[in-house]
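One structure is given below, encoded as structure tokens.
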Amino acid sequence: MYITRRNFLMHTGVGIGAGLAWPMTAFAMQVPARATRLHSGPMTGYPAQRSASIWMQTLGPAKISIAYWPVKQPHLQETSREFLTSAKEFYTALITLDDLAPGAVYQTEIRLDGQALNSQGLQIHTPELWQWRHPAPDFKILTGSCAYINDPKYDRPSKPYGGGYEIYDPMTAESADMMIWLGDNLYFREADIQSPAGMAMRYWTDRAFTPLQKFLQSTRQVAIWDDHDYAANDSDSSFVLKETSLHLFQRYWANPSYGLPGAPGVFTQCTLNDAEFFLLDDRWYRDADAAHLSSGKQMFGKAQMDWLKNALLSSRAHFKIVAAGGQLFNDDDAYEGWNLYPEERQDFMDWLQNNNVRGLLFLSGDRHISELMRRPRPHYSGKHDYPLWELTSSPLNSSPAKGDANPYRVPGTLVEARNYCSIEFLGKGSDRHLHLSCKSSEGKLIWKHRISSADLGYA
């Protein structure tokens with residue numbers, strides 16, 4: 001038995017032709033009257049030492065819960081609260097498992113309407129409690145952007161723009177500790193962004209993409225957005241369905257938070273071992289790229305930049321990783337870089353120059369190339385003037401582009417093909433360092449680069 005489009009909309013409380021009092025409405029599709037399996041997931045979210053967040057999506061309405069227990073100790077099994085998936089929330093469920101122990105491994109069993117899905121269990125690894133006990137452990141994260149999945153019915157009539165979907169196999173085999181999606185994690189088509197229902201259908205379709213499923217289960221996933229998973233190409237704060245975008249993003253990712261009270265958006269922060277990750281929103285507050293370079297032109301906005309500055313000063317992490325959708329410190333970026341917002345960027349660079357912030361590495365996506373940048377800073381007596389390092393990682397599945405004449409590019413790091421990047425956090429004491437790698441769709445090493453603690457301002 002299937003729910004018709006009319007019954008589906010009535011089921012969610014949104015009448016045919018009704019006005020939208022809420023920024024999100026249901027999307028029209030056929031779903032089973034009761035779900036018997038997952039549509040996509042499970043996927044673990046941001047890391048925490050005493051809890052874990054697991055995201056799932058069912059094919060239709062279902063009561064869903066998770067049983068969990070320490071590996072090899074099934075007699076300690078507990079069960080999460082039961083969650084009812086509904087059309088209003090796109091049949092998604094985000095279930096938090098609490099009262100976990102740090103540095104432990106838990107087996108899970110997902111249950112739909114009380115029936116176990118034995119094939120859908122996954123293991124949860126909580127980060128260890130190392131602070132004040134021993135040096136920070138070694139760990140690895142992955143990163144990438146621009147994941148275009150072909151959909152001939154809605155794609156432009158030309159050569160398929162997406163491909164290289166085998167990339168998720170080597171990414172899964174990395175057994176990384178976390179993945180940071182750097183935006184354009186899906187691509188809204190022209191027909192999608194004309195309605196909330198169209199946008200919802202794009203998420204519904206792409207998240208269930210078969211080659212992606214094992215990777216989503218393989219490691220923790222956090223994300224930011226860029227133009228294509230926010231709205232249309234080069235979109236900015238003027239997008240009238242931006243609240244729809246935010247609501248969808250919140251329902252499909254498992255970040256620790258989304259913006260701040262009074263300052264909406266997707267920016268957030270999470271911690272893994274001795275690294276803090278500051279994930280920025282380059283769309284919600286963005287002035288149009290074409291706006292005159294006048295005083296006040298902004299890409300991130302004052303509220304977000306104030307938060308970032310305070311958060312960096314408050315951080316006690318050895319490594320501080322700042323991620324944004326578009327390139328930050330490439331002066332020759334002819335597309336959508338922070339160079340088009342010179343006052344806001346210069347203010348942040350001046351602030352960095354006048355504050356003791358060590359351990360910075362910047363991440364960016366968008367450009368359909370990968371490269372490592374090393375931007376020197378002017379020398380001022382007594383200031384931390386180590387270079388600004390930025391790793392651009394793109395594309396995962398979109399068509400590659402050509403690199404520009406970036407004067408800050410580290411020689412040998414330009415990649416004009418589909419790829420992903422990894423960052424390893426290694427070593428002890430003064431030898432603590434980063435090992436950056438760029439790998440092909442087949443998982444073959446393209447280049448690697450070592451960044452020491454001294455390279456990040458630690459004497």
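Chain lettering (A, B, ...) mirrors the order of the structure tokens, residue numbering begins at 1 for each chain separately, and ligand numbering begins at 1 in order of display.
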Q) Excluding same-chain residues fewer than 3 positions from Ile66 of chain A, what lies within 7 Å of it counting only C-alpha atoms, as a ChimeraX atom specification? A) /A:79-80,108-111
Could the residues in this selection be written to a file with N, CA and C atoms, as a compact mmCIF listing (two decimals), in the first residue's frame?
```
# COMPACT_ATOMS: atom_id res chain seq x y z
N THR A 79 18.83 0.26 25.41
CA THR A 79 18.05 0.64 24.22
C THR A 79 17.70 2.11 24.30
N SER A 80 17.88 2.79 23.18
CA SER A 80 17.53 4.20 23.11
C SER A 80 16.03 4.39 23.19
N THR A 108 25.91 -1.85 17.80
CA THR A 108 24.54 -1.38 17.77
C THR A 108 23.66 -2.32 16.95
N GLU A 109 22.37 -2.24 17.22
CA GLU A 109 21.37 -2.98 16.45
C GLU A 109 20.18 -2.05 16.25
N ILE A 110 19.87 -1.76 15.01
CA ILE A 110 18.77 -0.86 14.68
C ILE A 110 17.48 -1.67 14.59
N ARG A 111 16.41 -1.10 15.16
CA ARG A 111 15.13 -1.80 15.18
C ARG A 111 14.05 -0.92 14.59
```
Q. Which residues in segment 138-310 of chain A does DSSP call strand (DSSP E)? List them as a ChimeraX atom specification.
A. /A:139-144,178-182,221-224,268-272,275-279
**Q.** Selected residue of minimal separation from Asp347 of chain A among A:Gln213, A:Thr271, A:Gln298, A:Gln131, counting only C-alpha atoms
**A.**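 That would be A:Gln298, the residue with the smallest distance to Asp347 of chain A.
Between atom CA of Gly60 of chain A and atom CA of Ala87 of chain A the separation is 7.5 Å.
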Q) atom CA of Ala197 of chain A to atom CA of Asp184 of chain A: how many Å, to one decimal? A) 19.1 Å
Leu142 of chain A: which residues within 6 Å, counting only C-alpha atoms, same-chain residues fewer than 6 positions away excluded, as a compact mmCIF listing (two decimals) with N, CA and C atoms, in the first residue's frame?
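Saved file selection_31.txt follows:
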```txt
# COMPACT_ATOMS: atom_id res chain seq x y z
N MET A 179 35.09 12.61 8.86
CA MET A 179 35.05 13.21 7.53
C MET A 179 34.45 14.60 7.65
N CYS A 421 41.21 14.31 0.18
CA CYS A 421 42.40 14.59 0.98
C CYS A 421 42.27 13.99 2.37
N SER A 422 43.41 13.68 2.96
CA SER A 422 43.44 13.20 4.34
C SER A 422 44.42 14.05 5.14
```
When you look at segment 300-309 of chain A with a cut-off of 7 Å (counting only C-alpha atoms), what residues show up, excluding the ones that are within fewer than 2 positions of it in the same chain? I need them as an mmCIF file with N, CA and C atoms, in the first residue's frame.
```cif
data_model
loop_
_atom_site.group_PDB
_atom_site.id
_atom_site.type_symbol
_atom_site.label_atom_id
_atom_site.label_comp_id
_atom_site.auth_asym_id
_atom_site.auth_seq_id
_atom_site.Cartn_x
_atom_site.Cartn_y
_atom_site.Cartn_z
ATOM 1 N N ALA A 263 21.678 34.265 15.646
ATOM 2 C CA ALA A 263 22.585 34.265 14.491
ATOM 3 C C ALA A 263 22.469 32.921 13.781
ATOM 4 N N ASP A 281 30.044 29.203 7.748
ATOM 5 C CA ASP A 281 28.918 29.336 6.823
ATOM 6 C C ASP A 281 29.204 30.517 5.906
ATOM 7 N N ASP A 282 29.490 30.253 4.634
ATOM 8 C CA ASP A 282 29.848 31.326 3.698
ATOM 9 C C ASP A 282 28.682 31.749 2.795
ATOM 10 N N TYR A 285 24.989 34.869 5.273
ATOM 11 C CA TYR A 285 25.167 36.309 5.458
ATOM 12 C C TYR A 285 25.842 36.975 4.256
ATOM 13 N N ARG A 286 26.052 36.254 3.206
ATOM 14 C CA ARG A 286 26.896 36.693 2.099
ATOM 15 C C ARG A 286 26.251 37.782 1.256
ATOM 16 N N GLN A 298 30.462 41.765 2.918
ATOM 17 C CA GLN A 298 30.799 40.640 3.788
ATOM 18 C C GLN A 298 30.461 39.301 3.151
ATOM 19 N N ALA A 311 36.142 32.324 19.633
ATOM 20 C CA ALA A 311 36.334 30.878 19.759
ATOM 21 C C ALA A 311 37.800 30.499 19.578
ATOM 22 N N LEU A 312 38.490 31.147 18.656
ATOM 23 C CA LEU A 312 39.912 30.864 18.463
ATOM 24 C C LEU A 312 40.731 31.279 19.672
ATOM 25 N N LEU A 313 40.405 32.437 20.251
ATOM 26 C CA LEU A 313 41.131 32.895 21.436
ATOM 27 C C LEU A 313 40.850 31.993 22.637
#
```
**Q.** Non-local contacts of Asp229 of chain A (9 Å; only C-alpha atoms; under 4 positions in same chain excluded) as a VMD selection string
**A.** chain A and resid 183 to 188 225 245 249
Q) Which of these, A:Gly198, A:Pro127, A:Gly457, A:Gly296, has the shortest distance to Leu388 of chain A once you count only C-alpha atoms? A) A:Gly457
Q. Hey, what's within 12 Å of Asp99 of chain A if we count only C-alpha atoms and toss same-chain stuff fewer than 4 positions away? As a PyMOL selection string, please?
A. chain A and resi 48-52+68-70+78-80+104+106+126
(Q) For Ile180 of chain A, find every residue with an atom within 7 Å (counting only C-alpha atoms), except residues of its own chain fewer than 6 positions away, and show them as a PyMOL selection string. (A) chain A and resi 142-144+221-223
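For the atom pair formed by atom CA of Arg450 of chain A and atom CA of Tyr168 of chain A, the distance is 24.7 Å, given to one decimal.
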Q: Go through A:Ile64, A:Leu360, A:Leu445, A:Leu372 one by one, measure the shortest atom-to-atom distance of each to Gly412 of chain A using only C-alpha atoms, and give the residue with the smallest value.
A: A:Leu372
Q.
Calculated over only C-alpha atoms, which of the candidates A:Trp338, A:Trp204, A:Phe329, A:Tyr420 has the smallest distance to Leu361 of chain A?
A.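 Ranking A:Trp338, A:Trp204, A:Phe329, A:Tyr420 by distance to Leu361 of chain A, first place goes to A:Phe329.
On the backbone of this structure, DSSP gives alpha helix (DSSP H) within segment 231-340 of chain A to A:Lys242, A:Glu243, A:Thr244, A:Ser245, A:Leu246, A:His247, A:Leu248, A:Phe249, A:Gln250, A:Arg251, A:Tyr252, A:Lys302, A:Ala303, A:Gln304, A:Met305, A:Asp306, A:Trp307, A:Leu308, A:Lys309, A:Asn310, A:Ala311, A:Leu312, A:Leu313, A:Ser314.
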Q. Of the residues A:Asp331, A:Ser294, A:Arg37, A:Pro47, which is the one nearest to Asn255 of chain A, using only C-alpha atoms?
A. A:Pro47
Q.
Given only C-alpha atoms as the basis, pick out the residue of A:Lys63, A:Lys88, A:Lys214, A:Lys402 nearest to Asp113 of chain A.
A.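 Checking each of A:Lys63, A:Lys88, A:Lys214, A:Lys402 against Asp113 of chain A, counting only C-alpha atoms, the winner is A:Lys63.
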